[in-house]
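Shown here: target_35.cif, mmCIF, C-alpha atoms.
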```
data_model
loop_
_atom_site.label_atom_id
_atom_site.label_comp_id
_atom_site.auth_asym_id
_atom_site.auth_seq_id
_atom_site.Cartn_x
_atom_site.Cartn_y
_atom_site.Cartn_z
CA MET A 1 17.22 -32.04 1.05
CA LYS A 2 15.80 -28.54 1.60
CA LYS A 3 16.65 -26.61 4.76
CA ALA A 4 14.21 -24.75 6.97
CA ILE A 5 14.59 -22.58 10.07
CA LEU A 6 11.84 -21.76 12.58
CA TYR A 7 11.45 -18.65 14.75
CA ILE A 8 9.55 -18.93 18.05
CA ASN A 9 9.24 -16.86 21.23
CA GLN A 10 10.60 -17.57 24.72
CA PHE A 11 7.43 -19.30 25.80
CA PHE A 12 7.25 -21.82 22.99
CA GLY A 13 11.05 -22.01 23.05
CA GLN A 14 10.73 -23.44 26.57
CA ILE A 15 12.81 -20.67 28.12
CA GLY A 16 9.99 -19.41 30.30
CA GLY A 17 6.86 -17.31 30.47
CA GLU A 18 6.36 -13.60 30.95
CA GLU A 19 9.33 -13.37 33.33
CA GLU A 20 11.62 -14.41 30.47
CA ALA A 21 10.10 -12.09 27.87
CA ASP A 22 13.32 -10.05 27.80
CA PHE A 23 15.28 -13.10 26.64
CA ALA A 24 17.86 -12.07 24.01
CA PRO A 25 17.88 -14.01 20.72
CA GLU A 26 19.50 -17.44 20.58
CA ILE A 27 19.82 -20.00 17.85
CA LYS A 28 19.72 -23.70 18.66
CA GLU A 29 20.60 -26.58 16.44
CA GLY A 30 17.71 -28.90 15.76
CA LEU A 31 14.16 -28.83 16.98
CA VAL A 32 12.69 -26.96 19.93
CA GLY A 33 9.00 -26.98 20.92
CA PRO A 34 6.68 -26.45 17.92
CA ALA A 35 9.57 -27.26 15.60
CA MET A 36 8.95 -30.95 16.32
CA GLU A 37 5.40 -30.85 15.04
CA LEU A 38 6.43 -28.70 12.10
CA GLN A 39 9.16 -31.18 11.18
CA LYS A 40 6.67 -34.03 11.34
CA GLN A 41 4.32 -32.19 8.98
CA LEU A 42 7.07 -31.12 6.58
CA GLY A 43 8.08 -34.73 5.99
CA GLU A 44 11.40 -36.09 4.87
CA ASP A 45 12.36 -33.72 2.07
CA ILE A 46 12.63 -30.63 4.25
CA GLU A 47 14.82 -30.51 7.32
CA ILE A 48 14.48 -27.93 10.08
CA THR A 49 18.13 -27.40 10.93
CA HIS A 50 17.77 -24.71 13.59
CA THR A 51 15.28 -23.05 15.89
CA VAL A 52 15.66 -19.35 16.70
CA ILE A 53 14.23 -18.18 20.02
CA CYS A 54 13.72 -14.61 21.20
CA GLY A 55 11.73 -13.04 24.03
CA ASP A 56 8.68 -11.11 22.87
CA ASN A 57 9.52 -8.02 24.89
CA TYR A 58 13.11 -8.11 23.78
CA MET A 59 11.97 -8.08 20.16
CA GLY A 60 9.41 -5.40 20.98
CA SER A 61 11.75 -2.93 22.65
CA ASN A 62 15.02 -3.70 20.86
CA THR A 63 13.63 -4.57 17.46
CA GLU A 64 16.54 -3.43 15.36
CA GLU A 65 19.11 -5.08 17.58
CA ALA A 66 17.14 -8.32 17.81
CA VAL A 67 16.60 -8.47 14.05
CA ASN A 68 20.27 -7.73 13.35
CA THR A 69 21.43 -10.40 15.82
CA ILE A 70 19.15 -13.00 14.29
CA ILE A 71 20.10 -12.08 10.74
CA GLY A 72 23.70 -12.50 11.92
CA PHE A 73 22.89 -16.01 13.17
CA LEU A 74 21.39 -16.89 9.81
CA GLU A 75 24.04 -15.50 7.53
CA ASP A 76 26.17 -18.66 7.38
CA LYS A 77 23.21 -21.07 7.39
CA GLU A 78 21.58 -22.71 4.42
CA ILE A 79 17.98 -21.54 4.24
CA ASP A 80 15.42 -22.55 1.63
CA ILE A 81 12.41 -21.50 3.64
CA PHE A 82 11.74 -19.68 6.91
CA PHE A 83 8.87 -20.22 9.34
CA ALA A 84 7.75 -18.04 12.25
CA GLY A 85 5.16 -18.93 14.87
CA PRO A 86 2.30 -19.79 14.76
CA ALA A 87 1.46 -16.77 16.89
CA PHE A 88 -2.31 -17.26 17.38
CA ARG A 89 -3.80 -14.12 18.93
CA ALA A 90 -0.63 -13.13 20.79
CA GLY A 91 0.00 -9.57 19.64
CA ARG A 92 3.63 -9.17 20.64
CA TYR A 93 4.49 -12.60 19.28
CA GLY A 94 2.71 -11.86 16.01
CA SER A 95 4.52 -8.59 15.61
CA ALA A 96 7.83 -10.32 16.42
CA CYS A 97 7.18 -13.03 13.81
CA GLY A 98 6.40 -10.27 11.32
CA HIS A 99 9.49 -8.20 12.05
CA ILE A 100 11.88 -11.09 11.75
CA GLY A 101 9.97 -12.64 8.84
CA LYS A 102 10.07 -9.42 6.85
CA ALA A 103 13.79 -8.99 7.54
CA VAL A 104 14.57 -12.57 6.49
CA LYS A 105 12.51 -12.14 3.32
CA GLU A 106 14.34 -8.93 2.44
CA LYS A 107 17.80 -10.21 3.30
CA PHE A 108 17.70 -13.77 1.94
CA ASP A 109 14.72 -13.66 -0.42
CA VAL A 110 13.33 -17.00 0.71
CA PRO A 111 9.65 -17.75 1.29
CA VAL A 112 8.56 -16.80 4.82
CA ILE A 113 5.47 -18.41 6.32
CA SER A 114 3.69 -17.57 9.54
CA SER A 115 0.24 -18.03 11.02
CA MET A 116 -1.82 -15.65 13.12
CA ASN A 117 -5.38 -15.16 14.21
CA GLU A 118 -7.23 -12.40 12.37
CA GLU A 119 -7.32 -10.33 15.56
CA ASN A 120 -3.56 -10.34 15.83
CA PRO A 121 -2.25 -6.84 14.97
CA GLY A 122 0.71 -8.53 13.27
CA VAL A 123 -1.65 -9.44 10.43
CA GLU A 124 -2.27 -5.86 9.30
CA MET A 125 1.34 -4.90 9.95
CA PHE A 126 2.97 -7.64 7.93
CA ARG A 127 0.48 -9.32 5.58
CA GLU A 128 1.99 -7.44 2.64
CA HIS A 129 5.44 -8.76 3.41
CA ILE A 130 5.11 -12.45 4.27
CA TYR A 131 2.62 -15.30 3.98
CA ILE A 132 0.47 -15.20 7.11
CA PHE A 133 -1.98 -18.08 7.36
CA LYS A 134 -5.31 -17.66 9.06
CA GLY A 135 -4.76 -19.25 12.45
CA GLY A 136 -6.59 -20.13 15.63
CA ALA A 137 -7.07 -17.92 18.67
CA SER A 138 -4.89 -19.91 21.04
CA ALA A 139 -2.25 -22.61 21.21
CA ALA A 140 -5.06 -25.17 21.15
CA ALA A 141 -4.92 -24.66 17.38
CA MET A 142 -1.20 -25.38 17.23
CA ARG A 143 -1.42 -28.59 15.27
CA LYS A 144 -3.94 -27.29 12.76
CA ASP A 145 -2.06 -24.05 12.19
CA ILE A 146 1.29 -25.79 11.77
CA LYS A 147 -0.25 -28.19 9.30
CA LYS A 148 -1.33 -25.32 7.04
CA MET A 149 2.08 -23.65 7.22
CA ALA A 150 3.87 -26.92 6.48
CA GLU A 151 1.67 -27.93 3.56
CA PHE A 152 2.07 -24.58 1.87
CA GLY A 153 5.81 -24.61 2.50
CA ARG A 154 6.14 -28.05 0.94
CA ARG A 155 4.19 -26.94 -2.10
CA ILE A 156 6.25 -23.78 -2.61
CA LEU A 157 9.52 -25.71 -2.44
CA LYS A 158 8.20 -28.35 -4.85
CA GLY A 159 7.30 -25.58 -7.29
CA ASP A 160 3.58 -26.38 -7.29
CA THR A 161 1.17 -23.96 -8.92
CA LEU A 162 -0.15 -21.82 -6.11
CA GLY A 163 -3.70 -20.50 -5.83
CA SER A 164 -4.92 -17.11 -4.68
CA ALA A 165 -4.60 -16.01 -1.07
CA ASP A 166 -8.19 -17.05 -0.40
CA GLU A 167 -7.77 -20.45 -1.98
CA GLU A 168 -4.57 -21.11 -0.07
CA GLY A 169 -5.82 -19.72 3.23
CA TYR A 170 -3.44 -16.86 3.94
CA TYR A 171 -4.24 -13.16 4.32
CA GLY A 172 -4.12 -11.40 0.94
CA ARG A 173 -0.91 -9.50 0.43
CA GLY A 174 -2.48 -6.87 -1.81
CA ILE A 175 -0.90 -8.46 -4.87
CA ARG A 176 -3.00 -8.92 -8.00
CA ARG A 177 -1.97 -11.77 -10.28
CA GLN A 178 -3.32 -12.58 -13.74
CA VAL A 179 -4.60 -16.09 -14.38
CA TRP A 180 -5.94 -17.95 -17.39
CA LEU A 181 -9.46 -19.14 -16.74
CA GLU A 182 -10.40 -22.70 -17.54
CA PRO A 183 -12.85 -22.78 -19.25
CA PRO A 184 -12.23 -19.30 -20.69
CA ILE A 185 -15.12 -16.91 -20.00
CA THR A 186 -14.69 -13.32 -21.09
CA ALA A 187 -14.92 -10.44 -18.65
CA ALA A 188 -18.07 -9.17 -20.39
CA ASP A 189 -19.84 -12.47 -19.72
CA ARG A 190 -18.60 -12.62 -16.16
CA VAL A 191 -19.76 -9.14 -15.32
CA ILE A 192 -23.22 -9.76 -16.78
CA ASP A 193 -23.45 -13.00 -14.77
CA MET A 194 -22.57 -11.04 -11.65
CA LEU A 195 -25.06 -8.30 -12.48
CA LEU A 196 -27.88 -10.82 -13.01
CA LYS A 197 -27.09 -12.46 -9.70
CA LYS A 198 -27.05 -9.09 -8.01
CA ILE A 199 -30.44 -8.16 -9.53
CA HIS A 200 -31.89 -11.46 -8.38
CA GLY A 201 -30.48 -11.02 -4.91
CA GLU A 202 -28.22 -14.05 -5.27
CA PRO A 203 -24.72 -14.16 -3.77
CA PHE A 204 -21.84 -13.39 -6.13
CA GLN A 205 -18.11 -13.00 -5.81
CA THR A 206 -16.56 -9.75 -6.99
CA GLU A 207 -13.27 -9.97 -8.84
CA LEU A 208 -12.15 -6.68 -7.36
CA PRO A 209 -12.66 -6.84 -3.62
CA ILE A 210 -12.24 -3.47 -1.90
CA PRO A 211 -10.38 -4.02 1.37
CA ASP A 212 -12.15 -2.95 4.54
CA GLN A 213 -11.96 0.71 5.20
CA ASP A 214 -9.43 1.89 7.68
CA MET A 215 -9.76 5.56 8.40
CA VAL A 216 -6.95 7.89 9.27
CA PRO A 217 -7.33 10.87 11.61
CA ILE A 218 -7.93 14.15 9.80
CA ALA A 219 -4.72 16.17 9.79
CA GLU A 220 -4.61 19.54 11.57
CA PRO A 221 -5.83 22.18 9.13
CA ILE A 222 -3.53 24.86 7.75
CA LYS A 223 -3.79 27.98 9.93
CA ASP A 224 -2.51 30.59 7.51
CA LEU A 225 -2.86 29.62 3.87
CA SER A 226 -1.09 32.80 2.75
CA LYS A 227 2.15 31.48 4.27
CA ALA A 228 1.67 27.84 3.32
CA LYS A 229 3.70 25.80 0.85
CA ILE A 230 1.36 23.61 -1.19
CA ALA A 231 2.38 20.58 -3.24
CA ILE A 232 0.50 19.01 -6.13
CA VAL A 233 0.33 15.22 -6.31
CA THR A 234 -1.51 13.28 -9.00
CA SER A 235 -2.38 9.74 -9.94
CA GLY A 236 -3.21 11.00 -13.44
CA GLY A 237 0.14 10.08 -14.98
CA ILE A 238 1.33 13.57 -15.98
CA VAL A 239 5.06 13.35 -16.78
CA PRO A 240 7.65 15.05 -18.98
CA VAL A 241 7.07 13.74 -22.53
CA ASP A 242 10.03 11.36 -22.38
CA ASN A 243 8.71 9.80 -19.14
CA PRO A 244 12.19 9.83 -17.56
CA ASP A 245 11.23 7.60 -14.62
CA ARG A 246 9.57 5.05 -16.90
CA ILE A 247 6.41 5.10 -14.84
CA GLN A 248 4.13 2.30 -16.01
CA SER A 249 0.88 3.19 -17.80
CA ALA A 250 -1.05 0.78 -15.57
CA SER A 251 -0.35 -1.13 -12.36
CA ALA A 252 2.33 1.42 -11.55
CA THR A 253 5.08 0.70 -9.07
CA ARG A 254 7.05 3.87 -9.80
CA TRP A 255 6.46 7.58 -9.25
CA GLY A 256 8.30 10.71 -10.28
CA LYS A 257 8.89 14.23 -9.05
CA TYR A 258 9.28 17.01 -11.57
CA ASP A 259 10.76 20.45 -11.14
CA ILE A 260 8.27 23.22 -11.85
CA SER A 261 10.08 26.00 -9.99
CA ASP A 262 10.56 27.99 -13.22
CA THR A 263 7.30 26.97 -14.82
CA ASP A 264 4.13 29.03 -14.96
CA ARG A 265 1.91 26.42 -16.55
CA LEU A 266 2.42 22.90 -17.89
CA GLU A 267 2.78 23.19 -21.65
CA PRO A 268 1.64 20.50 -24.10
CA LYS A 269 4.52 18.64 -25.85
CA VAL A 270 6.58 19.30 -22.71
CA PHE A 271 4.29 17.32 -20.41
CA LYS A 272 1.78 14.62 -21.26
CA THR A 273 -0.13 11.84 -19.55
CA ILE A 274 0.94 8.21 -19.77
CA HIS A 275 -2.16 6.97 -17.93
CA ALA A 276 -3.69 4.02 -19.84
CA GLY A 277 -7.07 4.23 -18.12
CA PHE A 278 -8.63 7.13 -20.04
CA ASP A 279 -8.48 9.03 -23.32
CA PRO A 280 -5.35 11.17 -22.95
CA ALA A 281 -6.26 13.73 -25.65
CA ALA A 282 -7.53 16.48 -23.35
CA ALA A 283 -4.67 16.19 -20.86
CA ASN A 284 -2.06 16.02 -23.62
CA ASN A 285 -3.45 19.21 -25.16
CA ASP A 286 -3.45 20.95 -21.80
CA PRO A 287 -1.78 19.10 -18.89
CA ASN A 288 -3.10 21.79 -16.50
CA VAL A 289 -6.49 20.06 -16.54
CA ILE A 290 -4.84 17.39 -14.35
CA VAL A 291 -1.96 19.28 -12.73
CA PRO A 292 -3.51 22.75 -12.27
CA LEU A 293 -0.22 24.62 -12.07
CA ASP A 294 -1.55 27.65 -13.96
CA VAL A 295 -4.20 28.49 -11.37
CA MET A 296 -1.89 27.58 -8.50
CA ARG A 297 0.56 30.21 -9.79
CA GLU A 298 -2.30 32.69 -9.91
CA PHE A 299 -3.19 31.91 -6.28
CA GLU A 300 0.48 32.37 -5.44
CA ARG A 301 0.55 35.80 -7.14
CA GLU A 302 -2.66 36.83 -5.39
CA GLY A 303 -1.16 35.81 -2.05
CA LYS A 304 -3.90 33.26 -1.32
CA ILE A 305 -1.15 30.71 -0.80
CA GLY A 306 2.45 31.28 0.25
CA LYS A 307 4.17 29.16 -2.36
CA VAL A 308 3.70 26.34 -4.83
CA HIS A 309 6.18 23.57 -3.93
CA ASP A 310 9.01 23.40 -6.48
CA TYR A 311 8.10 19.88 -7.55
CA PHE A 312 4.94 18.05 -8.41
CA TYR A 313 4.61 14.30 -7.85
CA SER A 314 3.05 11.89 -10.29
CA THR A 315 2.17 8.25 -10.74
CA VAL A 316 -0.54 6.24 -12.48
CA GLY A 317 -3.54 5.10 -10.49
CA THR A 318 -5.09 2.47 -12.74
CA GLY A 319 -4.69 -1.17 -11.73
CA THR A 320 -2.35 0.00 -9.01
CA THR A 321 -2.84 -1.99 -5.82
CA GLU A 322 -3.51 -0.25 -2.54
CA GLY A 323 -0.32 -1.76 -1.21
CA GLU A 324 1.83 -0.24 -3.96
CA ALA A 325 0.02 3.09 -3.76
CA ALA A 326 0.60 3.23 -0.01
CA ARG A 327 4.28 2.42 -0.43
CA MET A 328 4.76 5.09 -3.08
CA ALA A 329 2.92 7.62 -0.93
CA ARG A 330 5.15 6.84 2.04
CA GLU A 331 8.17 7.50 -0.15
CA ILE A 332 6.66 10.78 -1.36
CA VAL A 333 5.88 11.79 2.24
CA VAL A 334 9.58 11.71 3.12
CA ASP A 335 10.21 14.22 0.36
CA LEU A 336 7.27 16.42 1.35
CA GLN A 337 8.44 16.52 4.94
CA ASP A 338 12.02 17.32 3.94
CA ALA A 339 10.72 20.27 1.96
CA ASN A 340 8.40 21.43 4.78
CA VAL A 341 5.31 21.19 2.61
CA ASP A 342 2.26 22.41 4.56
CA GLY A 343 -0.51 20.91 2.50
CA VAL A 344 -1.22 18.74 -0.53
CA ILE A 345 -3.75 18.81 -3.34
CA LEU A 346 -4.06 15.36 -4.87
CA ILE A 347 -5.82 15.13 -8.22
CA SER A 348 -7.21 11.71 -9.15
CA THR A 349 -8.39 10.69 -12.58
CA MET B 1 -1.96 7.69 -1.23
CA VAL B 2 -4.21 10.28 0.40
CA LYS B 3 -4.31 8.28 3.60
CA GLU B 4 -0.57 7.75 3.85
CA ILE B 5 0.05 11.47 3.34
CA GLU B 6 -2.60 12.43 5.88
CA LYS B 7 -1.26 9.82 8.29
CA ALA B 8 2.00 11.77 8.23
CA GLY B 9 0.07 14.78 9.53
CA ILE B 10 0.11 16.73 6.26
CA PRO B 11 -3.32 18.22 5.45
CA ILE B 12 -4.52 16.87 2.11
CA VAL B 13 -7.53 17.31 -0.11
CA GLN B 14 -8.42 14.90 -2.87
CA MET B 15 -9.86 16.28 -6.09
CA ALA B 16 -11.68 13.38 -7.72
CA ASN B 17 -14.50 12.63 -10.08
CA LEU B 18 -15.38 9.35 -8.40
CA ILE B 19 -16.29 10.78 -5.02
CA PRO B 20 -17.88 7.51 -3.77
CA VAL B 21 -14.60 5.70 -4.45
CA ALA B 22 -12.60 8.42 -2.70
CA LYS B 23 -14.98 8.09 0.23
CA THR B 24 -14.76 4.31 0.34
CA VAL B 25 -11.00 4.37 0.22
CA GLY B 26 -10.99 6.76 3.19
CA SER B 27 -10.30 10.26 1.92
CA ASN B 28 -11.28 12.86 4.51
CA LYS B 29 -11.50 16.03 2.41
CA MET B 30 -12.82 15.79 -1.13
CA VAL B 31 -13.60 18.25 -3.92
CA PRO B 32 -15.43 16.97 -7.02
CA THR B 33 -13.84 17.34 -10.46
CA ILE B 34 -15.75 17.46 -13.74
CA SER B 35 -14.58 14.19 -15.33
CA ILE B 36 -11.97 11.46 -15.27
CA PRO B 37 -9.88 12.34 -18.36
CA TYR B 38 -10.07 16.12 -17.80
CA PRO B 39 -10.72 16.71 -14.11
CA LEU B 40 -10.27 20.49 -14.28
CA GLY B 41 -11.26 21.76 -17.73
CA ASP B 42 -13.63 20.49 -20.42
CA PRO B 43 -11.80 20.74 -23.78
CA ASP B 44 -15.13 21.36 -25.55
CA THR B 45 -15.54 24.65 -23.73
CA PRO B 46 -13.56 27.87 -24.33
CA LYS B 47 -10.20 28.28 -22.58
CA GLU B 48 -11.64 31.04 -20.37
CA GLU B 49 -14.42 28.73 -19.21
CA GLN B 50 -11.89 25.99 -18.41
CA TRP B 51 -9.78 28.46 -16.45
CA LYS B 52 -12.84 29.55 -14.47
CA VAL B 53 -13.74 25.97 -13.52
CA ARG B 54 -10.16 25.18 -12.58
CA TYR B 55 -9.63 28.39 -10.63
CA HIS B 56 -12.86 27.89 -8.71
CA ARG B 57 -12.42 24.22 -7.85
CA VAL B 58 -8.74 24.44 -6.91
CA GLY B 59 -9.67 27.47 -4.79
CA VAL B 60 -12.28 25.40 -2.98
CA ALA B 61 -9.66 22.68 -2.45
CA LEU B 62 -7.17 25.17 -1.00
CA ASP B 63 -9.81 26.52 1.37
CA ALA B 64 -10.63 22.94 2.36
CA LEU B 65 -7.06 22.55 3.61
CA THR B 66 -7.78 25.23 6.23
CA MET B 67 -11.11 23.77 7.39
CA ASP B 68 -11.36 22.02 10.72
CA VAL B 69 -13.72 19.16 9.87
CA LYS B 70 -14.57 16.24 12.12
CA GLU B 71 -15.67 13.71 9.53
CA GLN B 72 -15.30 12.88 5.85
CA THR B 73 -16.42 15.97 3.95
CA VAL B 74 -17.21 16.65 0.31
CA PHE B 75 -16.82 20.38 -0.35
CA ASN B 76 -19.37 22.03 -2.61
CA VAL B 77 -18.44 23.64 -5.88
CA SER B 78 -20.56 26.10 -7.81
CA VAL B 79 -18.79 26.22 -11.18
#
```

Could you write out this file's structure as structure tokens?
Amino acid sequence: MKKAILYINQFFGQIGGEEEADFAPEIKEGLVGPAMELQKQLGEDIEITHTVICGDNYMGSNTEEAVNTIIGFLEDKEIDIFFAGPAFRAGRYGSACGHIGKAVKEKFDVPVISSMNEENPGVEMFREHIYIFKGGASAAAMRKDIKKMAEFGRRILKGDTLGSADEEGYYGRGIRRQVWLEPPITAADRVIDMLLKKIHGEPFQTELPIPDQDMVPIAEPIKDLSKAKIAIVTSGGIVPVDNPDRIQSASATRWGKYDISDTDRLEPKVFKTIHAGFDPAAANNDPNVIVPLDVMREFEREGKIGKVHDYFYSTVGTGTTEGEAARMAREIVVDLQDANVDGVILIST
Amino acid sequence: MVKEIEKAGIPIVQMANLIPVAKTVGSNKMVPTISIPYPLGDPDTPKEEQWKVRYHRVGVALDALTMDVKEQTVFNVSV
């Protein structure tokens, strides 16, 4: 018998409405509210042992405390799978399901399944971290949404072969997975098929969907370049020849920072590129064509810029998912901020 | 990566050959490079020529960091 636990908010936990939104987390044995329907859909092989309830505002304003309390509740429980919601279009509830779901996933490494409407901000915040099924706009969709969560949960625990996010009905997590095609059709044939369809104005399905654009505000410009510290970042895979951080040549999940404080230009045989997406000959002969340290030093001498940051940052940008790239960049940002870097030149290949 | 760094409030300029991709992904300041494998120096040209291209384009990128632009901008290069 597999064990499941469900997280719901104060409203669905039958504590109360908005007036109870500050309700501190509690764990109850057995089934409360939507847990009953979920249990029915999960069938006999999976038992929901507990229901966790927390007020949406409590989770919103005391997130860390709420998450820690709930993780504390769960520490001595058997958990094979964790459910949260469904949260429909309720923004605070969706965000709460995401926060606790992500924490449970990180702490116990069990599958976490939720459901939210596409308008729920929790989707963008947490789709990378947990399975979020595409759900209805309101509680009228409760039964339908729970059914999807339960079916997927059953299949994961049975060890079924799982399809892509689209096939299964959850929001893509930004993970790319290789599959064997049956029947096997080579990429060259597939791309020509797509091209012919495109020429004939027929619908076709790209194999490399570009996620919708989300723009970020343009950062305040540098006021005085001659006093600014500038860092070089690249996705062109320039690393010391022994690639000390073992950055992958494609689909990278790692990045490195390399000390150039005593270096005037990147010399061949000291630095090279490990990028597998282009012919490395030119960059190996002269790494400055990707990390232009030599001209940056010249600008430093001329006083056009204040200083070249003591490190440059590198990873490989081929086959790397947006999700991984964003995560690596966030890690690099911490370093840039610690070093009071004023501006960044990022060279892509 | 560009977006996450800019989101943190650090001015950033992307030097890229595939400007349409940089645009689609949401880069705000872009400077074109000459190719994918050698963005800033064609190995078939003399070292001095490569230096000139690199010096010019990185210079444009540095200036871009000081520009107050209101929308996605591709900065022009002349070498």

Inset, instruction - Show me which bits of chain A are within 6 Å of chain B, counting only C-alpha atoms, as a PyMOL selection string. - result: chain A and resi 215+219+221-222+278+289-290+295+325-326+329+333+343-349

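For the atom pair formed by atom CA of A:Asn62 and atom CA of A:Gly94, the distance is 15.5 Å, given to one decimal.
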
Inset, instruction - Would you kindly translate the PyMOL selection byres ((chain A and resi 176-184) around 12) into the concrete residues it picks from this file, as a ChimeraX atom specification? - result: /A:128,161-165,172-175,185-190,207-209,251,319-324

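Here atom CA of A:Tyr311 is placed at a distance of 5.1 Å from atom CA of A:Tyr258.
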
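Between atom CA of A:Ile156 and atom CA of A:Gln10 lies a distance of 28.4 Å.
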
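For the residues A:Met149, A:Val52, A:Val32, A:Ala228, ranking by smallest atom-to-atom distance to A:Ile5 using all atoms listed in the file places A:Val52 first.
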
Could you expand the PyMOL selection byres ((chain A and resi 109) around 12) into the explicit residues it covers here, written as a compact mmCIF listing (two decimals) with C-alpha atoms, in the coordinates of the input?
```txt
# COMPACT_ATOMS: atom_id res chain seq x y z
CA ILE A 79 17.98 -21.54 4.24
CA ASP A 80 15.42 -22.55 1.63
CA ILE A 81 12.41 -21.50 3.64
CA PHE A 82 11.74 -19.68 6.91
CA GLY A 101 9.97 -12.64 8.84
CA LYS A 102 10.07 -9.42 6.85
CA ALA A 103 13.79 -8.99 7.54
CA VAL A 104 14.57 -12.57 6.49
CA LYS A 105 12.51 -12.14 3.32
CA GLU A 106 14.34 -8.93 2.44
CA LYS A 107 17.80 -10.21 3.30
CA PHE A 108 17.70 -13.77 1.94
CA VAL A 110 13.33 -17.00 0.71
CA PRO A 111 9.65 -17.75 1.29
CA VAL A 112 8.56 -16.80 4.82
CA HIS A 129 5.44 -8.76 3.41
CA ILE A 130 5.11 -12.45 4.27
```

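Among the candidates A:Ile232, A:Ala87, A:Cys97, A:Leu74, the one nearest to A:Met116 when counting all atoms listed in the file is A:Ala87.
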
Legend entry - the PyMOL selection byres ((chain A and resi 312) around 9) applied to the shown file, residues as number ranges by chain: A: 231-234, 256-260, 291, 309-311, 313-314

Output the selection as a CSV table (one decimal), keeping the file's coordinate frame - C-alpha atoms for each residue.
```
chain,number,residue,atom,x,y,z
A,231,ALA,CA,2.4,20.6,-3.2
A,232,ILE,CA,0.5,19.0,-6.1
A,233,VAL,CA,0.3,15.2,-6.3
A,234,THR,CA,-1.5,13.3,-9.0
A,256,GLY,CA,8.3,10.7,-10.3
A,257,LYS,CA,8.9,14.2,-9.0
A,258,TYR,CA,9.3,17.0,-11.6
A,259,ASP,CA,10.8,20.4,-11.1
A,260,ILE,CA,8.3,23.2,-11.8
A,291,VAL,CA,-2.0,19.3,-12.7
A,309,HIS,CA,6.2,23.6,-3.9
A,310,ASP,CA,9.0,23.4,-6.5
A,311,TYR,CA,8.1,19.9,-7.6
A,313,TYR,CA,4.6,14.3,-7.8
A,314,SER,CA,3.0,11.9,-10.3
```

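Within the 9 Å cut-off around stretch 24-28 of chain A, using all atoms listed in the file and omitting residues fewer than 2 positions from it on the same chain, the listed residues are Ala21, Asp22, Gly30, Leu31, Val32, Thr49, His50, Thr51, Val52, Ile53, Cys54, Gly55, Tyr58, Met59, Ala66, Val67, Thr69, Ile70, Phe73 and Leu74 of chain A.
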